[in-house]
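Visitor: My structure is in data.tsv, and what it holds is TSV, C-alpha atoms and all ligand atoms:
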chain	number	residue	atom	x	y	z
A	2	MET	CA	123.22	44.30	78.73
A	3	ALA	CA	122.06	42.77	82.03
A	4	SER	CA	120.84	39.15	81.98
A	5	THR	CA	117.34	38.14	83.19
A	6	MET	CA	118.86	36.80	86.40
A	7	GLU	CA	120.76	40.04	87.01
A	8	ILE	CA	117.60	42.09	86.44
A	9	ALA	CA	115.66	39.86	88.88
A	10	ALA	CA	118.42	40.29	91.50
A	11	MET	CA	118.39	44.08	91.01
A	12	GLU	CA	114.59	44.15	91.43
A	13	ARG	CA	114.81	42.06	94.63
A	14	LYS	CA	117.45	44.44	96.02
A	15	ALA	CA	115.35	47.51	95.12
A	16	GLU	CA	112.31	46.01	96.88
A	17	GLU	CA	114.40	45.08	99.93
A	18	ASN	CA	115.74	48.65	100.14
A	19	ARG	CA	112.22	50.06	99.78
A	20	GLN	CA	111.06	47.98	102.78
A	21	LEU	CA	114.16	49.01	104.75
A	22	ARG	CA	113.51	52.69	104.06
A	23	ILE	CA	109.90	52.38	105.31
A	24	ARG	CA	111.08	50.68	108.52
A	25	LEU	CA	113.82	53.29	108.95
A	26	GLU	CA	111.32	56.16	108.81
A	27	GLN	CA	109.20	54.47	111.55
A	28	LEU	CA	112.24	53.88	113.75
A	29	LYS	CA	113.56	57.41	113.30
A	30	LYS	CA	110.27	58.83	114.60
A	31	GLU	CA	110.04	56.34	117.50
A	32	ARG	CA	113.60	57.07	118.66
A	33	ASN	CA	113.78	60.76	117.70
A	34	ALA	CA	116.89	59.89	115.70
A	35	ILE	CA	118.91	61.67	113.04
A	36	ILE	CA	121.03	59.95	110.39
A	37	LEU	CA	124.36	61.66	109.67
A	38	ALA	CA	126.36	60.37	106.71
A	39	HIS	CA	129.82	61.17	105.42
A	40	TYR	CA	130.15	61.80	101.68
A	41	TYR	CA	132.16	58.57	101.36
A	42	GLN	CA	129.24	56.35	102.41
A	43	ARG	CA	127.44	54.03	100.02
A	44	ASP	CA	124.71	55.70	97.91
A	45	GLU	CA	121.99	53.68	99.69
A	46	ILE	CA	123.00	55.38	102.96
A	47	GLN	CA	123.51	58.88	101.58
A	48	GLU	CA	120.00	58.61	100.05
A	49	VAL	CA	118.35	58.18	103.47
A	50	ALA	CA	120.60	60.53	105.45
A	51	ASP	CA	119.06	63.58	107.12
A	52	PHE	CA	122.38	65.32	106.72
A	53	ARG	CA	125.39	64.58	104.50
A	54	GLY	CA	128.72	66.26	105.01
A	55	ASP	CA	132.48	66.16	105.39
A	56	SER	CA	134.13	65.55	108.77
A	57	PHE	CA	133.80	69.18	109.80
A	58	LEU	CA	130.13	69.69	108.90
A	59	LEU	CA	129.20	66.39	110.54
A	60	ALA	CA	130.98	67.34	113.78
A	61	GLN	CA	129.22	70.71	113.73
A	62	LYS	CA	125.84	69.05	113.12
A	63	ALA	CA	126.38	66.49	115.91
A	64	ALA	CA	127.18	69.33	118.32
A	65	SER	CA	123.98	71.24	117.46
A	66	THR	CA	121.28	68.63	116.80
A	67	ASP	CA	118.27	68.33	119.12
A	68	ALA	CA	117.68	64.67	118.22
A	69	ASP	CA	118.05	62.14	121.07
A	70	VAL	CA	119.87	59.59	118.94
A	71	ILE	CA	122.57	60.11	116.30
A	72	VAL	CA	123.15	57.26	113.86
A	73	PHE	CA	126.63	58.08	112.62
A	74	CYS	CA	127.38	56.62	109.20
A	75	GLY	CA	131.09	57.13	108.74
A	76	VAL	CA	134.13	55.71	110.53
A	77	HIS	CA	134.82	55.28	114.22
A	78	PHE	CA	136.72	58.53	114.95
A	79	MET	CA	133.80	60.51	113.49
A	80	ALA	CA	131.18	58.79	115.68
A	81	GLU	CA	133.49	59.18	118.66
A	82	SER	CA	133.89	62.91	117.96
A	83	ALA	CA	130.08	63.18	117.76
A	84	LYS	CA	129.76	61.50	121.17
A	85	ILE	CA	132.41	63.80	122.66
A	86	LEU	CA	130.63	66.90	121.33
A	87	ALA	CA	127.16	65.63	122.26
A	88	PRO	CA	127.72	63.59	125.45
A	89	ASP	CA	124.03	63.47	126.37
A	90	LYS	CA	123.01	61.86	123.07
A	91	ILE	CA	123.04	58.20	122.21
A	92	VAL	CA	125.48	57.76	119.30
A	93	LEU	CA	125.08	54.59	117.25
A	94	MET	CA	127.31	53.25	114.48
A	95	PRO	CA	125.85	50.81	111.94
A	96	ASP	CA	129.06	48.74	112.15
A	97	GLU	CA	131.66	49.36	114.82
A	98	ARG	CA	134.39	47.72	112.72
A	99	ALA	CA	134.49	50.78	110.43
A	100	GLY	CA	137.82	52.22	111.55
A	101	CYS	CA	140.35	54.56	109.96
A	102	PRO	CA	143.84	53.13	109.43
A	103	MET	CA	145.32	56.64	109.45
A	104	ALA	CA	143.81	57.38	112.87
A	105	ASP	CA	145.49	54.19	114.17
A	106	MET	CA	148.93	55.42	113.03
A	107	VAL	CA	149.33	57.68	116.08
A	108	ASN	CA	148.97	56.73	119.74
A	109	PRO	CA	149.00	58.85	122.92
A	110	ALA	CA	152.39	57.54	124.15
A	111	GLY	CA	154.11	58.38	120.85
A	112	LEU	CA	152.56	61.82	120.80
A	113	ARG	CA	153.57	62.47	124.43
A	114	ALA	CA	157.17	61.54	123.57
A	115	LEU	CA	157.19	64.03	120.68
A	116	LYS	CA	155.70	66.74	122.91
A	117	ALA	CA	158.50	66.15	125.42
A	118	LYS	CA	161.06	66.77	122.65
A	119	HIS	CA	159.35	70.00	121.53
A	120	PRO	CA	158.01	71.63	124.70
A	121	ASN	CA	157.32	74.98	122.98
A	122	ALA	CA	155.20	73.54	120.20
A	123	ARG	CA	151.40	73.50	120.15
A	124	VAL	CA	149.79	70.23	119.06
A	125	VAL	CA	147.36	70.37	116.15
A	126	THR	CA	145.68	67.03	115.50
A	127	TYR	CA	143.62	66.06	112.49
A	128	ILE	CA	140.15	64.91	113.52
A	129	ASN	CA	141.14	61.52	112.03
A	130	SER	CA	142.50	60.35	115.41
A	131	SER	CA	141.34	58.56	118.55
A	132	ALA	CA	139.77	60.32	121.54
A	133	GLU	CA	142.92	59.48	123.57
A	134	VAL	CA	145.13	61.28	121.03
A	135	LYS	CA	142.75	64.25	120.92
A	136	ALA	CA	143.04	64.40	124.71
A	137	GLU	CA	146.80	65.08	124.24
A	138	THR	CA	146.06	67.86	121.77
A	139	ASP	CA	145.75	71.64	121.95
A	140	ILE	CA	143.38	71.98	119.01
A	141	CYS	CA	141.84	69.68	116.38
A	142	CYS	CA	141.24	70.44	112.73
A	143	THR	CA	139.72	68.88	109.64
A	144	SER	CA	140.86	69.17	106.04
A	145	SER	CA	138.49	72.13	105.55
A	146	ASN	CA	140.05	74.31	108.25
A	147	ALA	CA	143.59	72.91	108.76
A	148	VAL	CA	145.46	76.00	107.48
A	149	LYS	CA	143.27	78.37	109.48
A	150	VAL	CA	143.68	76.30	112.66
A	151	VAL	CA	147.47	76.04	112.36
A	152	ASN	CA	147.75	79.78	111.73
A	153	SER	CA	145.54	80.46	114.76
A	154	VAL	CA	147.80	78.88	117.41
A	155	ASP	CA	149.98	81.06	119.63
A	156	SER	CA	153.33	79.37	118.96
A	157	ASP	CA	155.89	79.42	116.15
A	158	GLU	CA	156.24	75.64	116.26
A	159	VAL	CA	153.46	73.13	115.63
A	160	ILE	CA	153.41	69.39	116.18
A	161	TRP	CA	151.13	68.06	113.48
A	162	CYS	CA	149.58	64.58	113.44
A	163	PRO	CA	148.81	62.13	111.98
A	164	ASP	CA	148.59	62.87	108.19
A	165	LYS	CA	151.95	63.73	106.61
A	166	ASN	CA	150.35	64.65	103.27
A	167	LEU	CA	147.88	67.14	104.74
A	168	GLY	CA	150.72	68.33	106.99
A	169	HIS	CA	152.87	69.03	103.92
A	170	TYR	CA	150.00	70.92	102.28
A	171	VAL	CA	149.48	73.06	105.41
A	172	SER	CA	153.23	73.74	105.69
A	173	GLN	CA	153.04	75.47	102.32
A	174	HIS	CA	150.42	77.88	103.64
A	175	THR	CA	151.97	78.88	106.96
A	176	ASP	CA	155.15	80.42	108.32
A	177	LYS	CA	155.07	78.15	111.36
A	178	LYS	CA	157.63	75.39	111.77
A	179	MET	CA	155.76	72.11	111.36
A	180	ILE	CA	156.91	68.91	113.05
A	181	ILE	CA	155.03	66.36	111.02
A	182	TRP	CA	153.94	62.84	112.04
A	183	GLU	CA	154.44	60.14	109.37
A	184	GLY	CA	150.84	58.88	109.02
A	185	TYR	CA	148.81	58.73	105.82
A	186	CYS	CA	145.49	57.65	104.38
A	187	ASN	CA	145.86	54.29	102.61
A	188	THR	CA	143.20	55.30	100.10
A	189	HIS	CA	144.31	58.80	99.09
A	190	ASP	CA	148.02	58.02	99.31
A	191	MET	CA	147.58	55.32	96.67
A	192	LEU	CA	146.88	57.88	93.94
A	193	THR	CA	150.01	58.47	91.84
A	194	VAL	CA	151.23	61.13	89.40
A	195	ARG	CA	151.09	58.45	86.72
A	196	ASP	CA	147.38	57.77	87.41
A	197	VAL	CA	146.63	61.49	87.03
A	198	VAL	CA	148.76	61.87	83.89
A	199	GLU	CA	146.92	58.95	82.27
A	200	MET	CA	143.53	60.38	83.21
A	201	LYS	CA	144.51	63.81	81.87
A	202	GLN	CA	145.48	62.19	78.55
A	203	ARG	CA	142.12	60.42	78.38
A	204	HIS	CA	140.15	63.52	79.40
A	205	PRO	CA	142.18	66.52	78.17
A	206	ASN	CA	139.38	69.05	78.86
A	207	ALA	CA	138.83	68.01	82.45
A	208	LEU	CA	140.05	69.96	85.49
A	209	PHE	CA	141.79	67.94	88.19
A	210	VAL	CA	140.45	68.42	91.75
A	211	CYS	CA	141.88	66.59	94.74
A	212	HIS	CA	141.88	66.13	98.50
A	213	PRO	CA	144.96	67.28	100.47
A	214	GLU	CA	145.32	63.73	101.88
A	215	CYS	CA	146.85	62.89	98.46
A	216	ARG	CA	150.64	62.86	98.03
A	217	PRO	CA	152.33	66.29	97.62
A	218	GLU	CA	153.35	65.57	94.01
A	219	VAL	CA	149.71	64.72	93.16
A	220	VAL	CA	148.40	67.79	94.99
A	221	ALA	CA	150.87	69.90	92.97
A	222	MET	CA	149.08	68.81	89.77
A	223	ALA	CA	145.64	69.91	90.93
A	224	ASP	CA	143.57	72.82	89.62
A	225	PHE	CA	141.77	72.82	92.98
A	226	VAL	CA	142.69	71.30	96.36
A	227	GLY	CA	140.12	71.04	99.14
A	228	SER	CA	138.16	68.99	101.62
A	229	THR	CA	135.34	66.82	100.37
A	230	THR	CA	132.89	69.70	100.82
A	231	GLY	CA	135.37	72.07	99.15
A	232	ILE	CA	135.63	69.80	96.11
A	233	ILE	CA	131.85	69.42	95.83
A	234	LYS	CA	131.31	73.18	96.08
A	235	TYR	CA	134.08	73.98	93.60
A	236	CYS	CA	132.70	71.55	90.99
A	237	ARG	CA	129.13	72.82	91.48
A	238	GLU	CA	130.08	76.48	91.13
A	239	SER	CA	132.66	76.10	88.37
A	240	ASP	CA	131.85	77.06	84.76
A	241	HIS	CA	133.72	73.93	83.76
A	242	ASP	CA	131.72	70.77	83.05
A	243	GLU	CA	134.28	67.96	83.28
A	244	PHE	CA	136.46	66.94	86.25
A	245	ILE	CA	139.01	64.31	87.23
A	246	VAL	CA	138.35	63.68	90.91
A	247	GLY	CA	141.12	62.76	93.37
A	248	THR	CA	139.16	61.69	96.42
A	249	GLU	CA	137.07	58.75	97.63
A	250	ASP	CA	134.49	57.55	95.10
A	251	GLY	CA	131.47	57.96	97.42
A	252	THR	CA	131.77	61.70	96.76
A	253	GLY	CA	130.30	60.94	93.32
A	254	TYR	CA	126.83	60.74	94.88
A	255	GLN	CA	126.75	64.43	95.86
A	256	LEU	CA	128.74	65.59	92.81
A	257	ARG	CA	126.22	63.99	90.43
A	258	LYS	CA	123.25	65.14	92.50
A	259	ASP	CA	124.44	68.77	92.46
A	260	SER	CA	125.54	68.81	88.82
A	261	PRO	CA	123.75	66.06	86.86
A	262	HIS	CA	124.93	67.43	83.50
A	263	LYS	CA	128.63	67.54	84.40
A	264	LYS	CA	131.10	64.66	83.90
A	265	PHE	CA	133.11	63.26	86.81
A	266	HIS	CA	135.96	60.77	86.29
A	267	PHE	CA	137.52	59.30	89.44
A	268	ALA	CA	141.29	59.47	89.08
A	269	SER	CA	141.81	55.81	90.04
A	270	LYS	CA	139.62	52.77	90.58
A	271	PHE	CA	141.41	52.32	93.93
A	272	LEU	CA	139.93	55.49	95.43
A	273	VAL	CA	137.62	53.45	97.65
A	274	CYS	CA	137.88	53.44	101.44
A	275	PRO	CA	136.90	49.89	102.48
A	276	ASN	CA	136.09	51.04	106.01
A	277	MET	CA	133.58	53.60	104.81
A	278	LYS	CA	131.86	50.88	102.79
A	279	VAL	CA	131.37	48.52	105.74
A	280	ASN	CA	128.12	50.31	106.62
A	281	THR	CA	124.97	49.29	104.77
A	282	LEU	CA	121.33	50.39	104.85
A	283	LYS	CA	120.41	47.08	106.50
A	284	LYS	CA	122.90	47.76	109.31
A	285	VAL	CA	121.54	51.30	109.79
A	286	VAL	CA	118.05	49.86	110.34
A	287	ARG	CA	119.40	47.13	112.64
A	288	ALA	CA	121.29	49.70	114.73
A	289	LEU	CA	118.07	51.63	115.35
A	290	GLU	CA	116.10	48.42	116.03
A	291	THR	CA	118.56	47.17	118.64
A	292	MET	CA	120.01	50.54	119.73
A	293	GLN	CA	123.46	48.94	119.29
A	294	PRO	CA	126.38	49.35	118.86
A	295	GLN	CA	126.62	52.49	120.99
A	296	ILE	CA	129.73	54.65	121.17
A	297	HIS	CA	131.16	55.38	124.62
A	298	VAL	CA	134.14	57.53	125.56
A	299	ARG	CA	135.68	57.51	129.05
A	300	PRO	CA	134.61	60.80	130.71
A	301	GLU	CA	138.15	61.84	131.72
A	302	VAL	CA	139.33	61.38	128.09
A	303	ALA	CA	136.20	62.95	126.60
A	304	GLU	CA	136.56	66.06	128.73
A	305	LYS	CA	140.08	66.84	127.41
A	306	ALA	CA	139.29	65.81	123.83
A	307	ARG	CA	136.18	68.04	123.88
A	308	LEU	CA	138.32	71.11	124.58
A	309	ALA	CA	140.44	70.40	121.47
A	310	LEU	CA	137.34	69.88	119.32
A	311	GLU	CA	135.50	72.91	120.69
A	312	ARG	CA	138.52	75.13	120.04
A	313	MET	CA	138.37	73.98	116.42
A	314	LEU	CA	134.67	74.81	116.17
A	315	GLN	CA	135.37	78.28	117.59
A	316	VAL	CA	138.24	79.01	115.19
A	317	SER	CA	136.13	77.87	112.22
B	401	LIG	P1	136.96	65.37	104.94
B	401	LIG	O1	135.67	64.78	105.36
B	401	LIG	O2	137.42	66.41	105.90
B	401	LIG	O3	136.98	65.84	103.55
B	401	LIG	O4	138.08	64.22	105.09
B	401	LIG	C1	138.10	63.11	104.37
B	401	LIG	C2	138.39	61.90	105.12
B	401	LIG	O5	139.28	61.18	104.83
B	401	LIG	C3	137.51	61.51	106.15
B	401	LIG	O6	137.96	60.32	106.63
B	402	LIG	FE1	140.63	57.07	106.97
B	402	LIG	FE2	141.37	57.53	104.46
B	402	LIG	FE3	139.20	56.10	104.92
B	402	LIG	FE4	139.23	58.73	105.44
B	402	LIG	S1	139.40	57.77	103.45
B	402	LIG	S2	138.41	57.11	106.74
B	402	LIG	S3	141.34	59.00	106.10
B	402	LIG	S4	141.30	55.56	105.48
Go through the file and emit its structure as structure tokens.
Guide:
Amino acid sequence: MASTMEIAAMERKAEENRQLRIRLEQLKKERNAIILAHYYQRDEIQEVADFRGDSFLLAQKAASTDADVIVFCGVHFMAESAKILAPDKIVLMPDERAGCPMADMVNPAGLRALKAKHPNARVVTYINSSAEVKAETDICCTSSNAVKVVNSVDSDEVIWCPDKNLGHYVSQHTDKKMIIWEGYCNTHDMLTVRDVVEMKQRHPNALFVCHPECRPEVVAMADFVGSTTGIIKYCRESDHDEFIVGTEDGTGYQLRKDSPHKKFHFASKFLVCPNMKVNTLKKVVRALETMQPQIHVRPEVAEKARLALERMLQVS
């Protein structure tokens, strides 16, 4: 049971958030702004978002919105992709420090060197990458369309970067030869077979659903593998009512919203992306107050990266 002090602190926080939400609504109207939030964001951000989604849906929304300002609540590569797809919009991030360690595992020079070794290969790059890396790429993909994108390219060989786990998953669904970069997501890659076995023992009736950024041996245990949106849809539409979830814990917000009577057990307490949690409601309001920090991409880089992103949108 919560103590009197804890209850008082919770009430103060609730009142503070109520005031922030009122201010946010005023600012959104004044600036003609839209709030986009990834499913891994804190609940307090997902609650106020105009649109929640996975990387693909958010990129699609950024490309089609008629708002003047996009407040992108996710990590840096996502806001950068939004700016590339919507160059005339102002794209704000609540906290610019929200990066993606996986995206930092590949750089343009390294990718150029690999391309030189495999001149006949097409380059398929996961959207979790910098604009400079995208500019070296033939076509981007997200976890929701990776197999389709790889199968769409006109070469037998594909250079894949940066996620080795998603790359392994795709390689099982294509005849193309995959040359796979050795990057990974620190959060998803932490989930082990042992974690899943223990959870299955504790919840024997639950189905196991996971993201393809998990290790191959973990993915092999899953009843369903898919992007964040794929997992949410599968759980909502399934006749089953109990799930062990192998992706970031922010997904719980939408899972519980869609299926309040179902049970969701996250497969490990470490399934938390610290970068995604850097953003707060207070920072969202501050970003719209100050119109900072804004995302900028050098035009010569943006132009090439846009081609790779637009090809993905066309294929999907
Ligand atoms: P999706 O949004 O494509 O499910 O990817 C998850 C992820 O790790 C985003 O950083
Ligand atoms: Fe990057 Fe993994 Fe965090 Fe997604 S969950 S932003 S891939 S570190």
Visitor: For ligand LIG 402 (chain B), I'd like the enclosing box, axis-aligned and padded by 8 Å on every side, reported as JSON with centre and edge lengths in Å to one decimal.
Guide:
{"center_x": 139.9, "center_y": 57.3, "center_z": 105.2, "size_x": 19.0, "size_y": 19.4, "size_z": 19.5}
Visitor: Find the nearest atom pair between each residue of chain A and ligand LIG 402 (chain B) for residues within 9 Å, count all atoms listed in the file, give distances in Å to one decimal, sort rows by chain and ascending number, and present the table as a Markdown table.
Guide:
| residue | atom | partner | partner_atom | distance |
| --- | --- | --- | --- | --- |
| A:Tyr41 | CA | B:LIG402 | S1 | 7.6 |
| A:Gly75 | CA | B:LIG402 | S2 | 7.6 |
| A:Val76 | CA | B:LIG402 | S2 | 5.9 |
| A:His77 | CA | B:LIG402 | S2 | 8.5 |
| A:Phe78 | CA | B:LIG402 | S2 | 8.5 |
| A:Met79 | CA | B:LIG402 | S2 | 8.9 |
| A:Ala99 | CA | B:LIG402 | S2 | 8.3 |
| A:Gly100 | CA | B:LIG402 | S2 | 6.9 |
| A:Cys101 | CA | B:LIG402 | FE1 | 3.9 |
| A:Pro102 | CA | B:LIG402 | S4 | 5.3 |
| A:Met103 | CA | B:LIG402 | FE1 | 5.3 |
| A:Ala104 | CA | B:LIG402 | FE1 | 6.7 |
| A:Asn129 | CA | B:LIG402 | S3 | 6.4 |
| A:Asp164 | CA | B:LIG402 | S3 | 8.5 |
| A:Tyr185 | CA | B:LIG402 | S3 | 7.5 |
| A:Cys186 | CA | B:LIG402 | FE2 | 4.1 |
| A:Asn187 | CA | B:LIG402 | S4 | 5.5 |
| A:Thr188 | CA | B:LIG402 | FE2 | 5.2 |
| A:His189 | CA | B:LIG402 | FE2 | 6.3 |
| A:Asp190 | CA | B:LIG402 | FE2 | 8.4 |
| A:Glu214 | CA | B:LIG402 | S3 | 7.5 |
| A:Thr248 | CA | B:LIG402 | S1 | 8.1 |
| A:Glu249 | CA | B:LIG402 | S1 | 6.3 |
| A:Leu272 | CA | B:LIG402 | S1 | 8.4 |
| A:Val273 | CA | B:LIG402 | S1 | 7.4 |
| A:Cys274 | CA | B:LIG402 | FE3 | 4.6 |
| A:Pro275 | CA | B:LIG402 | FE3 | 7.1 |
| A:Asn276 | CA | B:LIG402 | FE3 | 6.0 |
| A:Met277 | CA | B:LIG402 | FE3 | 6.2 |
Visitor: For chain A versus ligand LIG 401 (chain B), which residues have an atom no more than 7 Å away, and what is each residue's nearest atom pair and distance in Å rounded to one decimal, using all atoms listed in the file, chain-then-number order, as JSON lines?
Guide:
{"residue": "A:His39", "atom": "CA", "partner": "B:LIG401", "partner_atom": "O1", "distance": 6.9}
{"residue": "A:Asp55", "atom": "CA", "partner": "B:LIG401", "partner_atom": "O1", "distance": 3.5}
{"residue": "A:Ser56", "atom": "CA", "partner": "B:LIG401", "partner_atom": "O1", "distance": 3.8}
{"residue": "A:Phe57", "atom": "CA", "partner": "B:LIG401", "partner_atom": "O2", "distance": 6.0}
{"residue": "A:Asn129", "atom": "CA", "partner": "B:LIG401", "partner_atom": "O6", "distance": 6.4}
{"residue": "A:Thr143", "atom": "CA", "partner": "B:LIG401", "partner_atom": "O2", "distance": 5.0}
{"residue": "A:Ser144", "atom": "CA", "partner": "B:LIG401", "partner_atom": "O2", "distance": 4.4}
{"residue": "A:Ser145", "atom": "CA", "partner": "B:LIG401", "partner_atom": "O2", "distance": 5.8}
{"residue": "A:Ser228", "atom": "CA", "partner": "B:LIG401", "partner_atom": "O3", "distance": 3.9}
{"residue": "A:Thr229", "atom": "CA", "partner": "B:LIG401", "partner_atom": "O3", "distance": 3.7}
{"residue": "A:Thr230", "atom": "CA", "partner": "B:LIG401", "partner_atom": "O3", "distance": 6.3}
Visitor: Taking 3 positions as the minimum chain separation for residues in the same chain, which residues sit within 7 Å of Ile181 in chain A when counting all atoms listed in the file? Answer as a list in words.
Guide: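 Returned residues: Ile160, Trp161, Cys162, Lys165 and Gly168 of chain A.
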Visitor: So which one's closest to Gln295 in chain A, A:Asp96, A:Asp67, A:Asp44, A:Glu12? Using only C-alpha atoms, please.
Guide: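 So, comparing all the options, the nearest one is A:Asp96.
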Visitor: Find the spatial neighbours of Val154 in chain A, counting only C-alpha atoms, within a cut-off of 10 Å - ignore same-chain residues fewer than 6 positions away - and output them as a list in words.
Guide: Ala122, Arg123, Val124, Val125, Asp139, Ile140, Lys177 and Val316 of chain A
Visitor: Hey, what's within 9 Å of Val285 in chain A if we count only C-alpha atoms and toss same-chain stuff fewer than 3 positions away? As a list of chain:residue names, please?
Guide: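 The contact residues come out as A:Leu25, A:Ile36, A:Ile46, A:Val72, A:Phe73, A:Cys74, A:Leu93, A:Met94, A:Pro95, A:Asp96, A:Asn280, A:Thr281, A:Leu282, A:Ala288, A:Leu289, A:Glu290.
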Visitor: In terms of the shortest atom-to-atom distance over all atoms listed in the file, which of A:Ile245, A:Ile180, A:Ala147, A:Val279 is closest to Gly227 in chain A?
Guide: A:Ala147
Visitor: What is the CA of Ala38 in chain A-CA of Leu208 in chain A distance in Å, reported with one decimal?
Guide: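 It comes out at 27.0 Å.
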Visitor: List the spatial neighbours of Lys178 in chain A as a VMD selection string - criterion: any atom at most 7 Å away, all atoms listed in the file, same-chain residues fewer than 6 positions off excluded.
Guide: chain A and resid 157 to 159
Visitor: Can you work out which one of A:Glu17, A:Glu133, A:Asp242, A:Glu311 has the shortest atom-to-atom distance to Ala83 in chain A, counting all atoms listed in the file?
Guide: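 Of A:Glu17, A:Glu133, A:Asp242, A:Glu311, the one nearest Ala83 in chain A, counting all atoms listed in the file, is A:Glu311.
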Visitor: Could you state the separation of CA of His241 in chain A and CA of Asn206 in chain A in Å, given to one decimal place?
Guide: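 Atom-to-atom, CA of His241 in chain A and CA of Asn206 in chain A are spaced 8.9 Å apart.
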Visitor: Just to confirm, what's the straight-line distance from CA of Ala10 in chain A to CA of Lys283 in chain A in Å (one decimal)?
Guide: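 For CA of Ala10 in chain A relative to CA of Lys283 in chain A, the distance reads 16.6 Å.
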Visitor: Choose the residue, out of A:Lys135, A:His266, A:Arg43, A:Lys118, that has the smallest atom-to-atom separation from Phe209 in chain A; count all atoms listed in the file.
Guide: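 Of the candidates, the smallest distance to Phe209 in chain A is held by A:His266.
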Visitor: Which one is closest to Arg22 in chain A: A:Val70, A:Ile232, A:Ile128, A:Ala50? Count all atoms listed in the file.
Guide: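 Smallest separation from Arg22 in chain A among the options: A:Ala50.
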